[in-house]
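*Asks:* Input input_31.cif, format and content: mmCIF, C-alpha atoms and all ligand atoms.
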data_entry
loop_
_atom_site.label_atom_id
_atom_site.label_comp_id
_atom_site.auth_asym_id
_atom_site.auth_seq_id
_atom_site.Cartn_x
_atom_site.Cartn_y
_atom_site.Cartn_z
CA MET A 158 -24.47 12.88 -66.04
CA GLU A 159 -23.04 13.66 -69.46
CA LYS A 160 -24.74 13.10 -72.78
CA VAL A 161 -22.82 12.69 -76.00
CA LEU A 162 -25.03 12.33 -79.04
CA THR A 163 -23.33 11.05 -82.14
CA LEU A 164 -24.47 12.91 -85.20
CA PRO A 165 -25.59 10.70 -88.07
CA ASP A 166 -23.82 11.15 -91.36
CA SER A 167 -21.41 13.78 -90.03
CA HIS A 168 -19.08 13.12 -92.97
CA ALA A 169 -21.83 14.32 -95.31
CA ALA A 170 -22.40 17.55 -93.41
CA PRO A 171 -21.20 20.83 -94.91
CA LEU A 172 -17.93 22.34 -93.74
CA SER A 173 -19.65 24.71 -91.33
CA ILE A 174 -20.69 21.66 -89.35
CA ARG A 175 -17.52 19.93 -88.34
CA ALA A 176 -18.95 18.37 -85.22
CA LYS A 177 -19.13 14.61 -84.96
CA ALA A 178 -21.12 14.71 -81.75
CA LEU A 179 -23.09 16.99 -79.46
CA VAL A 180 -21.84 17.23 -75.89
CA PHE A 181 -24.14 18.25 -73.03
CA HIS A 182 -23.07 18.18 -69.41
CA ASP A 183 -24.34 21.28 -67.62
CA PRO A 184 -27.70 20.64 -65.85
CA GLY A 185 -29.14 23.59 -67.81
CA SER A 186 -28.02 22.05 -71.12
CA LEU A 187 -29.40 18.63 -70.21
CA ALA A 188 -32.78 20.18 -69.36
CA LEU A 189 -32.70 22.06 -72.64
CA LEU A 190 -31.88 18.88 -74.53
CA SER A 191 -34.85 17.04 -73.10
CA HIS A 192 -37.09 20.03 -73.94
CA VAL A 193 -35.74 19.98 -77.50
CA GLU A 194 -36.32 16.24 -77.84
CA ARG A 195 -39.88 16.58 -76.60
CA ILE A 196 -40.80 19.25 -79.13
CA ALA A 197 -38.84 17.49 -81.88
CA ARG A 198 -41.45 14.73 -82.04
CA SER A 199 -44.27 17.17 -82.80
CA ASP A 200 -44.67 19.01 -86.08
CA ALA A 201 -44.42 22.41 -84.38
CA THR A 202 -42.38 25.13 -86.04
CA VAL A 203 -39.32 25.81 -83.89
CA LEU A 204 -37.43 29.05 -83.44
CA VAL A 205 -33.86 28.53 -82.17
CA ILE A 206 -32.37 31.64 -80.62
CA GLY A 207 -28.77 32.00 -79.53
CA GLU A 208 -25.56 33.96 -79.87
CA THR A 209 -23.12 33.06 -82.59
CA GLY A 210 -21.41 29.69 -82.12
CA THR A 211 -23.87 28.34 -79.54
CA GLY A 212 -24.83 25.36 -81.72
CA LYS A 213 -28.09 26.50 -83.33
CA GLU A 214 -27.55 24.58 -86.54
CA LEU A 215 -26.48 21.44 -84.67
CA ILE A 216 -29.65 21.62 -82.56
CA ALA A 217 -31.76 22.09 -85.71
CA ARG A 218 -30.17 18.94 -87.16
CA HIS A 219 -30.80 17.10 -83.92
CA ILE A 220 -34.47 18.14 -84.01
CA HIS A 221 -34.71 16.72 -87.51
CA THR A 222 -33.00 13.45 -86.55
CA THR A 223 -35.14 12.99 -83.43
CA SER A 224 -38.36 13.86 -85.24
CA GLY A 225 -38.25 10.62 -87.20
CA ARG A 226 -39.13 12.48 -90.39
CA LYS A 227 -37.99 10.48 -93.39
CA GLY A 228 -37.34 13.36 -95.81
CA PRO A 229 -34.15 15.43 -96.06
CA PHE A 230 -32.77 18.18 -93.82
CA VAL A 231 -32.33 21.25 -96.02
CA ALA A 232 -30.43 24.26 -94.65
CA VAL A 233 -30.87 27.70 -96.20
CA ASN A 234 -29.22 30.90 -95.02
CA CYS A 235 -31.70 33.73 -95.51
CA GLY A 236 -28.90 36.28 -95.45
CA ALA A 237 -27.17 34.73 -98.45
CA PHE A 238 -29.56 35.82 -101.19
CA SER A 239 -30.94 38.99 -102.68
CA GLU A 240 -34.66 39.61 -102.21
CA THR A 241 -35.66 38.50 -105.72
CA LEU A 242 -33.50 35.44 -105.69
CA ILE A 243 -34.58 34.17 -102.30
CA ASP A 244 -38.20 34.26 -103.45
CA ALA A 245 -37.38 31.85 -106.30
CA GLU A 246 -34.99 29.84 -104.12
CA LEU A 247 -37.52 29.22 -101.38
CA PHE A 248 -40.69 28.82 -103.34
CA GLY A 249 -39.45 27.72 -106.78
CA HIS A 250 -40.43 29.12 -110.16
CA GLU A 251 -41.99 28.16 -113.46
CA SER A 252 -40.09 28.65 -116.71
CA GLY A 253 -40.26 32.25 -117.91
CA ALA A 254 -41.23 33.52 -114.43
CA PHE A 255 -38.43 36.08 -114.67
CA THR A 256 -35.56 36.93 -116.99
CA GLY A 257 -33.14 34.02 -117.00
CA ALA A 258 -35.66 31.47 -115.67
CA SER A 259 -35.44 29.25 -118.73
CA GLN A 260 -36.54 26.12 -116.88
CA ALA A 261 -39.00 25.44 -114.10
CA ARG A 262 -37.31 24.72 -110.80
CA ALA A 263 -38.51 23.47 -107.41
CA GLY A 264 -37.63 25.66 -104.43
CA TRP A 265 -36.15 24.65 -101.08
CA PHE A 266 -39.59 24.08 -99.59
CA GLU A 267 -40.35 21.42 -102.17
CA ALA A 268 -36.83 19.99 -101.78
CA ALA A 269 -37.48 19.56 -98.05
CA ASN A 270 -40.84 17.84 -98.54
CA GLY A 271 -41.26 15.08 -95.98
CA GLY A 272 -38.30 16.45 -94.02
CA THR A 273 -37.15 19.64 -92.31
CA LEU A 274 -36.38 23.06 -93.75
CA PHE A 275 -33.87 24.99 -91.65
CA LEU A 276 -34.06 28.73 -92.27
CA ASP A 277 -30.94 30.24 -90.74
CA GLU A 278 -30.69 33.98 -90.01
CA ILE A 279 -34.46 34.30 -90.39
CA GLY A 280 -34.16 37.94 -89.23
CA ASP A 281 -32.60 38.71 -92.65
CA LEU A 282 -35.71 37.64 -94.56
CA PRO A 283 -37.12 40.69 -96.39
CA LEU A 284 -40.56 41.83 -95.20
CA ALA A 285 -42.30 40.92 -98.47
CA LEU A 286 -41.06 37.35 -98.14
CA GLN A 287 -42.07 37.18 -94.52
CA VAL A 288 -45.70 37.56 -95.67
CA LYS A 289 -45.22 34.78 -98.18
CA LEU A 290 -43.58 32.49 -95.66
CA LEU A 291 -46.46 33.00 -93.24
CA ARG A 292 -48.92 32.05 -95.97
CA VAL A 293 -47.00 28.88 -96.78
CA LEU A 294 -46.95 27.90 -93.10
CA GLN A 295 -50.68 28.53 -92.74
CA GLU A 296 -51.81 26.91 -95.95
CA ARG A 297 -49.21 24.11 -96.01
CA GLN A 298 -48.74 24.59 -99.70
CA VAL A 299 -46.35 26.50 -101.88
CA VAL A 300 -47.05 28.43 -105.08
CA ARG A 301 -44.07 28.71 -107.43
CA LEU A 302 -43.26 32.10 -108.95
CA GLY A 303 -45.15 32.44 -112.22
CA SER A 304 -47.71 29.80 -111.27
CA ARG A 305 -51.14 29.87 -109.67
CA ARG A 306 -51.29 26.25 -108.66
CA GLY A 307 -50.54 25.39 -105.05
CA ILE A 308 -48.33 22.35 -104.32
CA ALA A 309 -49.21 20.60 -101.07
CA LEU A 310 -46.30 20.16 -98.68
CA ASP A 311 -45.36 18.31 -95.54
CA VAL A 312 -42.39 20.33 -94.30
CA ARG A 313 -41.29 20.95 -90.73
CA LEU A 314 -39.79 24.40 -90.34
CA VAL A 315 -36.96 25.19 -87.94
CA ALA A 316 -35.74 28.78 -87.99
CA ALA A 317 -32.72 30.29 -86.23
CA THR A 318 -31.61 33.77 -85.32
CA ASN A 319 -28.84 35.41 -83.36
CA ILE A 320 -30.60 38.75 -83.27
CA ASP A 321 -33.36 39.75 -80.87
CA LEU A 322 -36.42 39.19 -83.07
CA ALA A 323 -38.75 40.81 -80.52
CA ARG A 324 -36.73 44.01 -80.95
CA ALA A 325 -36.80 43.60 -84.73
CA VAL A 326 -40.60 43.42 -84.45
CA GLU A 327 -40.63 46.65 -82.43
CA ALA A 328 -38.41 48.30 -85.05
CA GLN A 329 -40.82 47.02 -87.74
CA HIS A 330 -38.14 44.98 -89.48
CA PHE A 331 -39.89 41.75 -88.68
CA ARG A 332 -43.60 40.99 -88.85
CA ALA A 333 -45.25 40.35 -85.51
CA ASP A 334 -47.60 37.69 -86.94
CA LEU A 335 -44.70 35.66 -88.34
CA TYR A 336 -42.77 36.08 -85.10
CA TYR A 337 -45.66 34.63 -83.08
CA ARG A 338 -46.13 31.85 -85.58
CA LEU A 339 -42.44 30.90 -85.49
CA SER A 340 -42.07 31.06 -81.76
CA VAL A 341 -44.77 28.49 -80.97
CA ALA A 342 -41.90 26.34 -79.74
CA GLY A 343 -38.93 28.50 -78.86
CA VAL A 344 -35.51 27.11 -77.96
CA ARG A 345 -33.05 29.54 -76.41
CA LEU A 346 -29.50 28.23 -76.50
CA PRO A 347 -27.68 29.90 -73.63
CA PRO A 348 -24.22 31.31 -74.27
CA LEU A 349 -21.38 29.12 -73.02
CA ARG A 350 -20.67 31.45 -70.08
CA GLU A 351 -24.13 30.58 -68.74
CA ARG A 352 -23.46 26.83 -68.84
CA PRO A 353 -20.00 26.58 -67.28
CA ALA A 354 -20.25 22.84 -66.58
CA ASP A 355 -20.17 22.26 -70.35
CA ILE A 356 -16.80 23.97 -70.81
CA LEU A 357 -14.38 21.24 -69.73
CA PRO A 358 -16.34 18.30 -71.22
CA LEU A 359 -16.48 20.21 -74.52
CA ALA A 360 -12.77 21.05 -74.29
CA ARG A 361 -11.97 17.34 -73.74
CA HIS A 362 -14.27 16.41 -76.60
CA PHE A 363 -12.41 18.76 -78.96
CA ILE A 364 -9.03 17.52 -77.66
CA LEU A 365 -10.07 13.95 -78.51
CA GLY A 366 -11.24 15.04 -81.92
CA TYR A 367 -8.10 16.96 -82.87
CA GLN A 368 -5.31 15.02 -81.12
CA SER A 369 -5.54 12.02 -83.43
CA ARG A 370 -5.73 14.25 -86.50
CA LEU A 371 -2.53 15.94 -85.31
CA GLY A 372 -0.85 12.61 -84.57
CA MET A 373 -0.85 13.16 -80.78
CA ASP A 374 -2.28 11.04 -78.02
CA GLN A 375 -3.59 11.64 -74.50
CA VAL A 376 -3.23 15.42 -74.42
CA GLN A 377 -3.99 16.80 -70.95
CA LEU A 378 -5.19 20.19 -69.70
CA SER A 379 -3.06 21.49 -66.81
CA PRO A 380 -5.06 22.54 -63.70
CA ALA A 381 -4.23 26.21 -64.40
CA SER A 382 -5.43 25.98 -68.01
CA GLN A 383 -8.67 24.36 -66.84
CA ALA A 384 -9.19 27.28 -64.47
CA ALA A 385 -8.48 29.75 -67.30
CA LEU A 386 -11.02 28.06 -69.58
CA LEU A 387 -13.62 28.17 -66.82
CA SER A 388 -13.13 31.85 -66.05
CA TYR A 389 -13.13 33.14 -69.65
CA SER A 390 -16.31 34.75 -71.04
CA TRP A 391 -16.40 32.96 -74.45
CA PRO A 392 -17.89 35.68 -76.68
CA GLY A 393 -17.62 33.30 -79.66
CA ASN A 394 -19.11 30.44 -77.61
CA ILE A 395 -18.52 26.80 -78.56
CA ARG A 396 -17.01 27.62 -81.94
CA GLU A 397 -14.42 29.80 -80.20
CA LEU A 398 -13.71 27.06 -77.64
CA GLU A 399 -13.11 24.61 -80.46
CA ASN A 400 -10.69 27.01 -82.17
CA VAL A 401 -8.84 27.75 -78.93
CA ILE A 402 -8.36 24.04 -78.25
CA HIS A 403 -7.26 23.34 -81.81
CA PHE A 404 -4.64 26.09 -81.61
CA ALA A 405 -3.50 24.99 -78.14
CA LEU A 406 -2.88 21.47 -79.45
CA ILE A 407 -0.69 22.87 -82.20
CA VAL A 408 1.51 24.91 -79.86
CA CYS A 409 1.54 22.87 -76.64
CA ARG A 410 4.59 20.90 -75.53
CA ASP A 411 4.84 17.42 -74.02
CA GLU A 412 1.15 16.82 -74.68
CA VAL A 413 0.06 19.15 -71.86
CA ILE A 414 -1.94 22.31 -72.56
CA GLU A 415 -0.71 25.15 -70.34
CA VAL A 416 -2.34 28.57 -69.84
CA GLU A 417 0.06 30.22 -72.28
CA ASP A 418 -1.07 27.82 -75.02
CA LEU A 419 -4.62 29.15 -74.74
CA LYS A 420 -5.08 32.25 -76.80
CA LEU A 421 -8.02 33.74 -74.96
CA VAL A 422 -8.84 37.11 -76.46
CA PRO A 423 -10.90 39.62 -74.46
CA LEU A 424 -13.94 40.80 -76.43
CA SER A 425 -12.65 44.33 -76.95
CA ARG A 426 -9.65 43.02 -78.91
CA SER A 427 -11.45 40.34 -80.87
CA SER A 428 -14.20 42.73 -81.95
CA ALA A 429 -11.77 45.29 -83.40
CA SER A 430 -12.94 46.38 -86.84
CA PRO A 431 -12.15 43.62 -89.33
CA ALA A 432 -11.44 46.28 -91.93
CA GLN A 433 -8.31 47.32 -90.03
CA PRO A 434 -5.09 46.54 -91.89
CA VAL A 435 -3.32 43.58 -90.31
CA ALA A 436 0.21 44.91 -90.82
CA PRO A 437 1.95 46.75 -87.96
CA SER A 438 0.99 50.43 -87.92
CA ALA A 439 3.23 52.57 -90.13
CA PRO A 440 2.30 55.55 -92.26
CA ALA A 441 1.13 54.17 -95.61
CA ALA A 442 3.54 56.25 -97.70
CA LEU A 443 6.49 55.20 -95.56
CA ALA A 444 5.49 51.57 -95.70
CA GLU A 445 5.73 51.66 -99.47
CA VAL A 446 9.39 52.69 -99.59
CA ALA A 447 10.56 50.89 -96.47
CA PRO A 448 8.50 47.78 -95.78
CA VAL A 449 8.18 46.99 -92.09
CA GLU A 450 9.03 43.56 -90.65
CA PRO A 451 8.58 40.81 -91.64
CA ALA A 452 10.86 41.52 -94.58
CA ILE A 453 9.72 39.96 -97.82
CA ASP A 454 12.08 37.38 -99.25
CA ALA A 455 13.03 38.51 -102.78
CA GLY A 456 12.54 34.98 -104.20
CA ALA A 457 9.24 34.43 -102.44
CA THR A 458 5.91 34.41 -104.25
CA PRO A 459 3.18 36.75 -102.95
CA LEU A 460 1.50 33.69 -101.41
CA ASP A 461 4.72 32.79 -99.55
CA SER A 462 4.76 36.31 -98.15
CA LEU A 463 1.19 35.91 -97.01
CA VAL A 464 2.01 32.61 -95.31
CA SER A 465 4.90 34.15 -93.41
CA ALA A 466 2.72 37.11 -92.40
CA TRP A 467 0.08 34.68 -91.12
CA ARG A 468 2.73 32.74 -89.17
CA GLU A 469 3.90 35.96 -87.55
CA LEU A 470 0.36 36.97 -86.65
CA LEU A 471 -0.37 33.50 -85.23
CA ALA A 472 2.77 33.66 -83.13
CA SER A 473 1.71 37.08 -81.84
CA GLY A 474 -1.47 35.52 -80.47
CA GLN A 475 -4.07 36.51 -83.08
CA THR A 476 -6.99 34.10 -82.96
CA ASP A 477 -9.44 35.88 -85.24
CA LEU A 478 -7.14 35.64 -88.20
CA PHE A 479 -9.63 33.83 -90.38
CA ASP A 480 -12.15 36.66 -90.21
CA LYS A 481 -9.51 39.35 -90.64
CA THR A 482 -7.90 37.62 -93.60
CA GLU A 483 -11.24 37.03 -95.27
CA SER A 484 -12.26 40.63 -94.70
CA ALA A 485 -8.98 41.99 -96.06
CA LEU A 486 -9.24 39.75 -99.15
CA ILE A 487 -12.84 40.75 -99.88
CA HIS A 488 -12.03 44.45 -99.42
CA ALA A 489 -8.96 44.24 -101.64
CA ALA A 490 -10.69 42.33 -104.45
CA TYR A 491 -13.78 44.56 -104.44
CA ASP A 492 -11.59 47.63 -104.54
CA PHE A 493 -9.38 46.12 -107.27
CA CYS A 494 -12.48 45.49 -109.41
CA HIS A 495 -13.87 48.98 -108.78
CA GLN A 496 -16.89 47.64 -106.86
CA ASN A 497 -18.03 45.51 -109.80
CA GLN A 498 -19.61 42.40 -108.29
CA VAL A 499 -19.44 40.19 -111.38
CA ARG A 500 -15.72 40.85 -111.87
CA THR A 501 -14.94 40.53 -108.17
CA ALA A 502 -16.72 37.15 -108.02
CA ARG A 503 -14.78 36.05 -111.12
CA VAL A 504 -11.33 37.02 -109.82
CA LEU A 505 -12.05 35.30 -106.51
CA GLY A 506 -13.43 32.21 -108.23
CA ILE A 507 -16.71 32.22 -106.31
CA THR A 508 -20.35 32.70 -107.30
CA ARG A 509 -21.90 36.12 -107.17
CA ASN A 510 -24.26 34.96 -104.42
CA MET A 511 -21.34 33.89 -102.29
CA LEU A 512 -19.66 37.20 -102.95
CA ARG A 513 -22.76 39.11 -101.88
CA THR A 514 -22.87 37.15 -98.64
CA HIS A 515 -19.25 38.13 -97.96
CA LEU A 516 -19.85 41.75 -98.99
CA LYS A 517 -22.74 41.97 -96.55
CA ARG A 518 -20.82 40.26 -93.78
CA HIS A 519 -17.94 42.69 -94.15
CA GLY A 520 -20.15 45.78 -94.35
CA LEU A 521 -19.59 46.49 -98.06
CA LEU A 522 -23.21 45.93 -99.10
CA GLY A 523 -26.21 47.30 -97.26
CA VAL A 524 -29.78 46.05 -97.62
CA GLN A 525 -30.59 49.12 -99.72
CA ASP A 526 -27.91 48.06 -102.22
CA ASP A 527 -29.67 44.80 -102.83
CA GLU A 528 -30.63 44.72 -106.46
CA PRO A 529 -31.81 41.54 -108.16
CA ILE A 530 -29.34 39.16 -109.76
CA PRO A 531 -30.64 38.40 -113.23
CA ALA A 532 -29.06 35.04 -113.92
CA HIS A 533 -29.94 32.05 -111.80
CA GLU A 534 -26.80 30.75 -110.18
CA PRO A 535 -26.47 27.17 -108.94
CA THR A 536 -26.61 26.58 -105.21
CA GLU A 537 -26.16 23.38 -103.28
CA ILE A 538 -28.72 21.53 -101.22
CA PRO A 539 -27.02 19.88 -98.27
CA ASP A 540 -29.14 16.75 -98.16
CA LEU A 541 -28.36 14.80 -95.03
CA ALA A 542 -31.21 12.36 -95.13
N1 LIG A 601 -23.24 20.76 -78.00
C1 LIG A 601 -22.17 20.76 -78.81
N2 LIG A 601 -21.28 19.75 -78.75
C2 LIG A 601 -20.19 19.73 -79.55
N3 LIG A 601 -19.88 20.69 -80.42
C3 LIG A 601 -20.72 21.73 -80.53
C4 LIG A 601 -21.91 21.81 -79.74
N4 LIG A 601 -22.56 22.96 -80.08
C5 LIG A 601 -21.80 23.57 -81.00
N5 LIG A 601 -20.70 22.84 -81.28
C6 LIG A 601 -19.59 23.23 -82.17
O1 LIG A 601 -19.68 24.63 -82.40
C7 LIG A 601 -19.67 24.92 -83.80
C8 LIG A 601 -20.74 25.96 -84.04
O2 LIG A 601 -22.01 25.34 -84.02
P1 LIG A 601 -23.19 25.87 -84.97
O3 LIG A 601 -22.67 26.15 -86.34
O4 LIG A 601 -24.35 24.96 -84.83
O5 LIG A 601 -23.47 27.27 -84.22
P2 LIG A 601 -24.46 28.44 -84.62
O6 LIG A 601 -25.16 28.83 -83.37
O7 LIG A 601 -25.30 28.00 -85.78
O8 LIG A 601 -23.45 29.58 -85.04
P3 LIG A 601 -23.70 30.88 -86.00
O9 LIG A 601 -24.71 31.76 -85.30
O10 LIG A 601 -22.36 31.53 -86.03
O11 LIG A 601 -24.18 30.35 -87.30
C9 LIG A 601 -19.92 23.60 -84.51
O12 LIG A 601 -19.13 23.46 -85.67
C10 LIG A 601 -19.50 22.57 -83.50
O13 LIG A 601 -18.16 22.27 -83.73
MG MG A 602 -25.36 28.80 -87.77
#
Translate this file's structure into structure tokens.
Ligand SMILES: Nc1ncnc2c1ncn2[C@@H]1O[C@H](COP(=O)(O)OP(=O)(O)OP(=O)(O)O)[C@@H](O)[C@H]1O
Ligand SMILES: [Mg+2]

*Replies:*
Amino acid sequence: MEKVLTLPDSHAAPLSIRAKALVFHDPGSLALLSHVERIARSDATVLVIGETGTGKELIARHIHTTSGRKGPFVAVNCGAFSETLIDAELFGHESGAFTGASQARAGWFEAANGGTLFLDEIGDLPLALQVKLLRVLQERQVVRLGSRRGIALDVRLVAATNIDLARAVEAQHFRADLYYRLSVAGVRLPPLRERPADILPLARHFILGYQSRLGMDQVQLSPASQAALLSYSWPGNIRELENVIHFALIVCRDEVIEVEDLKLVPLSRSSASPAQPVAPSAPAALAEVAPVEPAIDAGATPLDSLVSAWRELLASGQTDLFDKTESALIHAAYDFCHQNQVRTARVLGITRNMLRTHLKRHGLLGVQDDEPIPAHEPTEIPDLA
């Protein structure tokens, strides 16, 4: 039996959620789905655990949809804010609560009232805020920064993590009491390699999704490519499978995906340090006087040169180009601006919060570097209700 659940309002979902449907075929996945749907109807706090790309956010959205709650689904990434800012973001603040707080503002908890608050990367929540979160869950009310008055709430919390929270508790990075509170109803999403019967149905699902966008019809997987998909270990899980299929559709011929169209990258290669330069290895000084291939067209703009470098890398089989390009860009801009966050954010045309998320992701900002951001920067609430 296969289950395909159409996601409501998928057009309104943020870019990170491109899926139009959830596909479950493996007996293990189907059992998990019925477990999820059973707990969805209660008000229990849910902790979704799984490796990157296993579908944690999609499952959180499905829990919200199945719960019948009328309010919005609000997703917040706990790793995207500094400690001071996330306090105000989650719990709200009164005017004058801190420098720059000129107006009172409701936090994400209040925004999710009547619905579901999804706290992604809960393991990144600073310890001081873990205490506060526990209090909110116990008392079912939130107290804005700078206020003493509690505001009663009806919010269902779903949290997600791709780190081992039990270990984080042992290492004293995560509070045991909050961990127990969150894991009342735990959902462990197995990695794709542990649910092999999902691989081909998902691959076909992604083929269907992309073939029409690419103006193709009835693309097939050759028997050998099916075998290759089934025997690969999928370190990036379903997200990686989606990317592999998308790329295969671009390069395949005669509407048949062959093994050589599948760029399956063993983990050791894909996990190479993203800070590595992407150009072929040549001593830096030499490269300056005699640029290595591909030669740069004299009339080309720097962006044209980048595009041709990307083409070359794609043709050479790179599949983690997005991460590498992003990392190289963030490193270059931060260096160019002499590690000044405000200037770096400005030259990249992004908010300082977004920059800090990227700096953390690419290892340029540690937790100890986290100092408060004085001005309150706008953030978006993805309201899918
Ligand atoms: N059951 C599924 N059916 C169809 N597509 C899925 C399914 N699960 C995940 N996906 C696809 O995988 C992508 C990743 O899913 P999602 O963002 O929910 O993963 P995640 O576990 O939250 O990842 P991360 O830890 O990196 O944030 C989605 O954009 C979607 O395309
Ligand atoms: Mg996620």

*Asks:* Which residue, A:Asn394, A:Gln383, A:Thr514, A:Thr256, has the smallest gap to Leu357 of chain A when you use only C-alpha atoms?

*Replies:* A:Gln383

*Asks:* Using all atoms listed in the file, which of the listed residues (A:Leu302, A:Val344, A:Ile487, A:Ala316) sits closest to Ser191 of chain A?

*Replies:*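 Comparing A:Leu302, A:Val344, A:Ile487, A:Ala316 against Ser191 of chain A, the winner is A:Val344.
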
*Asks:* Nearest to ligand LIG 601 (chain A): which of A:Ser239, A:Gln368, A:Asn400, A:Thr508 is it, counting all atoms listed in the file?

*Replies:* A:Asn400

*Asks:* Which of these, A:Leu310, A:Leu486, A:Ile320, A:Ala466, has the shortest distance to ligand LIG 601 (chain A) once you count only C-alpha atoms and all ligand atoms?

*Replies:*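 Among the listed residues, the smallest separation from ligand LIG 601 (chain A) belongs to A:Ile320.
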
*Asks:* Can you tell me, as a PyMOL selection string, what residues are no more than 10 Å from Arg301 of chain A when counting only C-alpha atoms, ignoring any on the same chain fewer than 2 positions away?

*Replies:* chain A and resi 244-251+254+261-264+267+298-299+303-308

*Asks:* Using only C-alpha atoms and all ligand atoms, what table do you get, as a Markdown table, when you list each residue of chain A with an atom no more than 7 Å from ligand MG 602 (chain A), its nearest pair of atoms, and their distance in Å rounded to one decimal, rows by chain then rising number?

*Replies:*
| residue | atom | partner | partner_atom | distance |
| --- | --- | --- | --- | --- |
| A:Gly210 | CA | A:MG602 | MG | 7.0 |
| A:Gly212 | CA | A:MG602 | MG | 7.0 |
| A:Lys213 | CA | A:MG602 | MG | 5.7 |
| A:Glu214 | CA | A:MG602 | MG | 4.9 |
| A:Asp277 | CA | A:MG602 | MG | 6.5 |

*Asks:* For atom C8 of ligand LIG 601 (chain A) and atom CA of Gln287 of chain A, quote the distance in Å rounded to one decimal.

*Replies:*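 Distance between the two atoms: 26.3 Å.
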
*Asks:* Enumerate as a ChimeraX atom specification the residues within 7 Å of ligand LIG 601 (chain A), counting only C-alpha atoms and all ligand atoms.

*Replies:* /A:173-176,178-181,207-216,319,359,395-396,399

*Asks:* Give me, please, the distance in Å between atom CA of Leu346 of chain A and atom CA of Ile206 of chain A, quoted to one decimal.

*Replies:* 6.1 Å
